[in-house]
Amino acid sequence: MHKYTTEELVAGKPSPEEFARLSRAPLVFILHNIRSLQNVGLFFRLADALRVKKIYLTGYTGYPRKEADSRDERIVRHAESEINKTAIKLVPFVPWEQEEKVSLVLSHLKKSGHQIISVEQTDESVDYRQVKYQFPVALIFGHERTGVEEDLLKESDLIVHIPMSGMGNSHNVAMTGAILANYILNNCQ
């Protein structure tokens, strides 16, 4: 058995220009009011790994530097540093958009035919493995403690959850994203 070195793995990657021309998965992430910048970074890493179409950063979710950024430079540097800790410098390879008003993002995605799915535990949510996904799909992830807001749940076509067999109530939000996105893209297309 040969364990690949970092250099060997990097040598097998396309150039940034070639990568930009590759097709993307018909899946988007909406991160609404995610407070941990490291969770945001993990979603960038996941989006790169799966080549998802786009990440929407809404509400008060932190975000990397953007063109004509009006935030204080200290805040921008802090956000970039924290996001890159877990994104491992993959932000430039992931299409993303920051929009404070999640309603504008949902309106746009509904008009473009996305199935809107909130990821939350409710008395009406369905095991994520029991759903018929209709591409393109938009997954909404909410605040790490309070979850997806009630008004967003009402706007969703479906609400899904991951069953928990242990004593914990839920997975980390980024881990939840990894479980769902991998399942959807590997089993439902």
# chains A, B, ... in the order shown; residues from 1 in each chain; ligands from 1
>>> select_by_dssp(residues="range 56-152 of chain A", states="alpha helix (DSSP H)", output="JSON, numbers by chain")
{"A": [73, 74, 75, 76, 77, 78, 79, 80, 81, 82, 83, 84, 85, 86, 87, 102, 103, 104, 105, 106, 107, 108, 109, 110, 111, 150, 151, 152]}
>>> residues_around(residues="range 43-53 of chain A", least_positions_apart="6", cutoff="8 Å", atoms="only C-alpha atoms", output="MDAnalysis selection string")
chainID A and resid 23:28 86:88 90:91 93:95 174 177:178 182
>>> residues_around(residues="His143 in chain A", least_positions_apart="5", cutoff="12 Å", atoms="only C-alpha atoms", output="MDAnalysis selection string")
chainID A and resid 30:37 39:40 58:62 119:120 148:150 172:174
>>> write_last_selection(atoms="C-alpha atoms", output="compact mmCIF listing (two decimals), in the first residue's frame")
# COMPACT_ATOMS: atom_id res chain seq x y z
CA ILE A 30 -28.23 28.53 2.75
CA LEU A 31 -26.45 29.30 6.03
CA HIS A 32 -28.77 31.51 8.05
CA ASN A 33 -27.60 33.09 11.31
CA ILE A 34 -24.69 30.67 11.74
CA ARG A 35 -22.61 32.24 14.49
CA SER A 36 -19.43 30.12 14.28
CA LEU A 37 -17.03 31.31 11.58
CA ASN A 39 -18.63 26.24 10.88
CA VAL A 40 -18.86 28.61 7.94
CA THR A 58 -27.65 35.16 5.20
CA GLY A 59 -28.72 36.97 8.34
CA TYR A 60 -25.77 37.58 10.62
CA THR A 61 -23.72 34.64 9.30
CA GLY A 62 -20.11 35.78 9.00
CA VAL A 119 -32.81 20.89 8.14
CA GLU A 120 -34.49 20.86 11.54
CA VAL A 148 -33.96 27.17 11.56
CA GLU A 149 -36.39 30.00 12.26
CA GLU A 150 -40.13 29.30 12.21
CA ASN A 172 -22.77 19.87 14.65
CA VAL A 173 -24.34 21.97 11.87
CA ALA A 174 -21.44 21.46 9.46
>>> closest_residue(among="A:Pro136, A:Pro64, A:Gly168, A:Pro163", to="Leu185 in chain A", atoms="only C-alpha atoms")
A:Pro136
>>> select_by_dssp(residues="chain A", states="strand (DSSP E or B)", output="VMD selection string")
chain A and resid 25 to 32 52 to 58 96 to 99 115 to 119 126 to 127 137 to 141 143 147 158 to 161
>>> write_last_selection(atoms="N, CA and C atoms", output="CSV table (one decimal), in the first residue's frame")
chain,number,residue,atom,x,y,z
A,25,ALA,N,-22.6,20.5,-8.8
A,25,ALA,CA,-23.7,19.7,-8.3
A,25,ALA,C,-25.0,20.6,-8.2
A,26,PRO,N,-26.2,20.1,-8.4
A,26,PRO,CA,-27.4,20.9,-8.4
A,26,PRO,C,-27.9,21.1,-6.9
A,27,LEU,N,-27.0,21.6,-6.1
A,27,LEU,CA,-27.3,21.7,-4.7
A,27,LEU,C,-26.7,23.1,-4.2
A,28,VAL,N,-27.5,23.8,-3.4
A,28,VAL,CA,-26.9,25.0,-2.7
A,28,VAL,C,-27.2,24.9,-1.2
A,29,PHE,N,-26.3,25.6,-0.5
A,29,PHE,CA,-26.4,25.7,1.0
A,29,PHE,C,-26.9,27.1,1.3
A,30,ILE,N,-27.9,27.2,2.2
A,30,ILE,CA,-28.2,28.5,2.8
A,30,ILE,C,-27.8,28.5,4.2
A,31,LEU,N,-26.9,29.3,4.6
A,31,LEU,CA,-26.5,29.3,6.0
A,31,LEU,C,-27.0,30.6,6.7
A,32,HIS,N,-28.1,30.4,7.5
A,32,HIS,CA,-28.8,31.5,8.1
A,32,HIS,C,-28.5,31.6,9.6
A,52,VAL,N,-20.6,21.9,-4.9
A,52,VAL,CA,-21.9,22.4,-4.9
A,52,VAL,C,-22.0,23.7,-5.6
A,53,LYS,N,-23.2,24.0,-6.1
A,53,LYS,CA,-23.4,25.2,-6.9
A,53,LYS,C,-23.0,26.5,-6.3
A,54,LYS,N,-23.5,26.7,-5.0
A,54,LYS,CA,-23.3,28.0,-4.3
A,54,LYS,C,-23.6,27.9,-2.8
A,55,ILE,N,-23.0,28.7,-2.1
A,55,ILE,CA,-23.3,28.9,-0.7
A,55,ILE,C,-23.9,30.3,-0.5
A,56,TYR,N,-25.1,30.4,0.1
A,56,TYR,CA,-25.7,31.7,0.5
A,56,TYR,C,-25.5,32.0,2.0
A,57,LEU,N,-24.9,33.1,2.3
A,57,LEU,CA,-24.6,33.4,3.7
A,57,LEU,C,-25.6,34.5,4.1
A,58,THR,N,-26.6,34.2,4.9
A,58,THR,CA,-27.7,35.2,5.2
A,58,THR,C,-27.8,35.5,6.7
A,96,TRP,N,-20.0,31.9,-3.8
A,96,TRP,CA,-20.8,32.3,-2.6
A,96,TRP,C,-21.4,33.7,-2.8
A,97,GLU,N,-22.4,33.9,-2.0
A,97,GLU,CA,-23.0,35.3,-2.0
A,97,GLU,C,-23.5,35.6,-0.6
A,98,GLN,N,-23.3,36.8,-0.2
A,98,GLN,CA,-23.7,37.2,1.2
A,98,GLN,C,-24.9,38.1,0.9
A,99,GLU,N,-26.0,37.8,1.6
A,99,GLU,CA,-27.3,38.6,1.5
A,99,GLU,C,-27.9,38.5,2.9
A,115,GLN,N,-36.0,23.1,-5.0
A,115,GLN,CA,-36.8,22.5,-3.9
A,115,GLN,C,-36.1,23.0,-2.6
A,116,ILE,N,-36.9,23.7,-1.8
A,116,ILE,CA,-36.4,24.3,-0.5
A,116,ILE,C,-36.6,23.3,0.6
A,117,ILE,N,-35.5,23.0,1.2
A,117,ILE,CA,-35.5,22.0,2.3
A,117,ILE,C,-34.8,22.5,3.6
A,118,SER,N,-35.6,22.7,4.6
A,118,SER,CA,-35.0,23.1,5.9
A,118,SER,C,-34.5,21.8,6.6
A,119,VAL,N,-33.4,22.0,7.3
A,119,VAL,CA,-32.8,20.9,8.1
A,119,VAL,C,-33.1,21.2,9.6
A,126,VAL,N,-39.1,14.9,8.5
A,126,VAL,CA,-39.0,13.5,7.9
A,126,VAL,C,-37.5,13.1,7.9
A,127,ASP,N,-37.3,11.8,8.2
A,127,ASP,CA,-36.0,11.2,8.1
A,127,ASP,C,-35.4,11.6,6.7
A,137,VAL,N,-31.7,21.4,-5.5
A,137,VAL,CA,-32.1,21.4,-4.1
A,137,VAL,C,-31.4,22.5,-3.4
A,138,ALA,N,-32.1,23.2,-2.5
A,138,ALA,CA,-31.5,24.2,-1.6
A,138,ALA,C,-31.7,23.7,-0.2
A,139,LEU,N,-30.6,23.6,0.6
A,139,LEU,CA,-30.7,23.1,2.0
A,139,LEU,C,-30.5,24.3,2.9
A,140,ILE,N,-31.4,24.5,3.8
A,140,ILE,CA,-31.3,25.6,4.8
A,140,ILE,C,-30.8,25.1,6.1
A,141,PHE,N,-29.7,25.7,6.6
A,141,PHE,CA,-29.2,25.4,7.9
A,141,PHE,C,-29.3,26.6,8.8
A,143,HIS,N,-29.2,28.5,13.0
A,143,HIS,CA,-28.4,28.8,14.2
A,143,HIS,C,-28.0,27.5,14.9
A,147,GLY,N,-31.6,26.7,15.8
A,147,GLY,CA,-32.0,26.0,14.6
A,147,GLY,C,-32.6,27.0,13.6
A,158,LEU,N,-40.0,21.1,2.3
A,158,LEU,CA,-39.8,19.9,3.2
A,158,LEU,C,-39.0,20.3,4.4
A,159,ILE,N,-39.1,19.6,5.4
A,159,ILE,CA,-38.2,19.7,6.6
A,159,ILE,C,-37.7,18.3,6.9
A,160,VAL,N,-36.4,18.2,6.9
A,160,VAL,CA,-35.8,16.9,7.2
A,160,VAL,C,-34.9,16.9,8.4
A,161,HIS,N,-34.7,15.7,9.0
A,161,HIS,CA,-33.8,15.6,10.2
A,161,HIS,C,-33.0,14.3,10.0
>>> atom_distance(atom1="CA of Ser156 in chain A", atom2="CA of Arg129 in chain A")
17.5 Å
>>> closest_residue(among="A:Lys132, A:Ser81, A:Glu155, A:Gly166", to="Gln189 in chain A", atoms="only C-alpha atoms")
A:Lys132
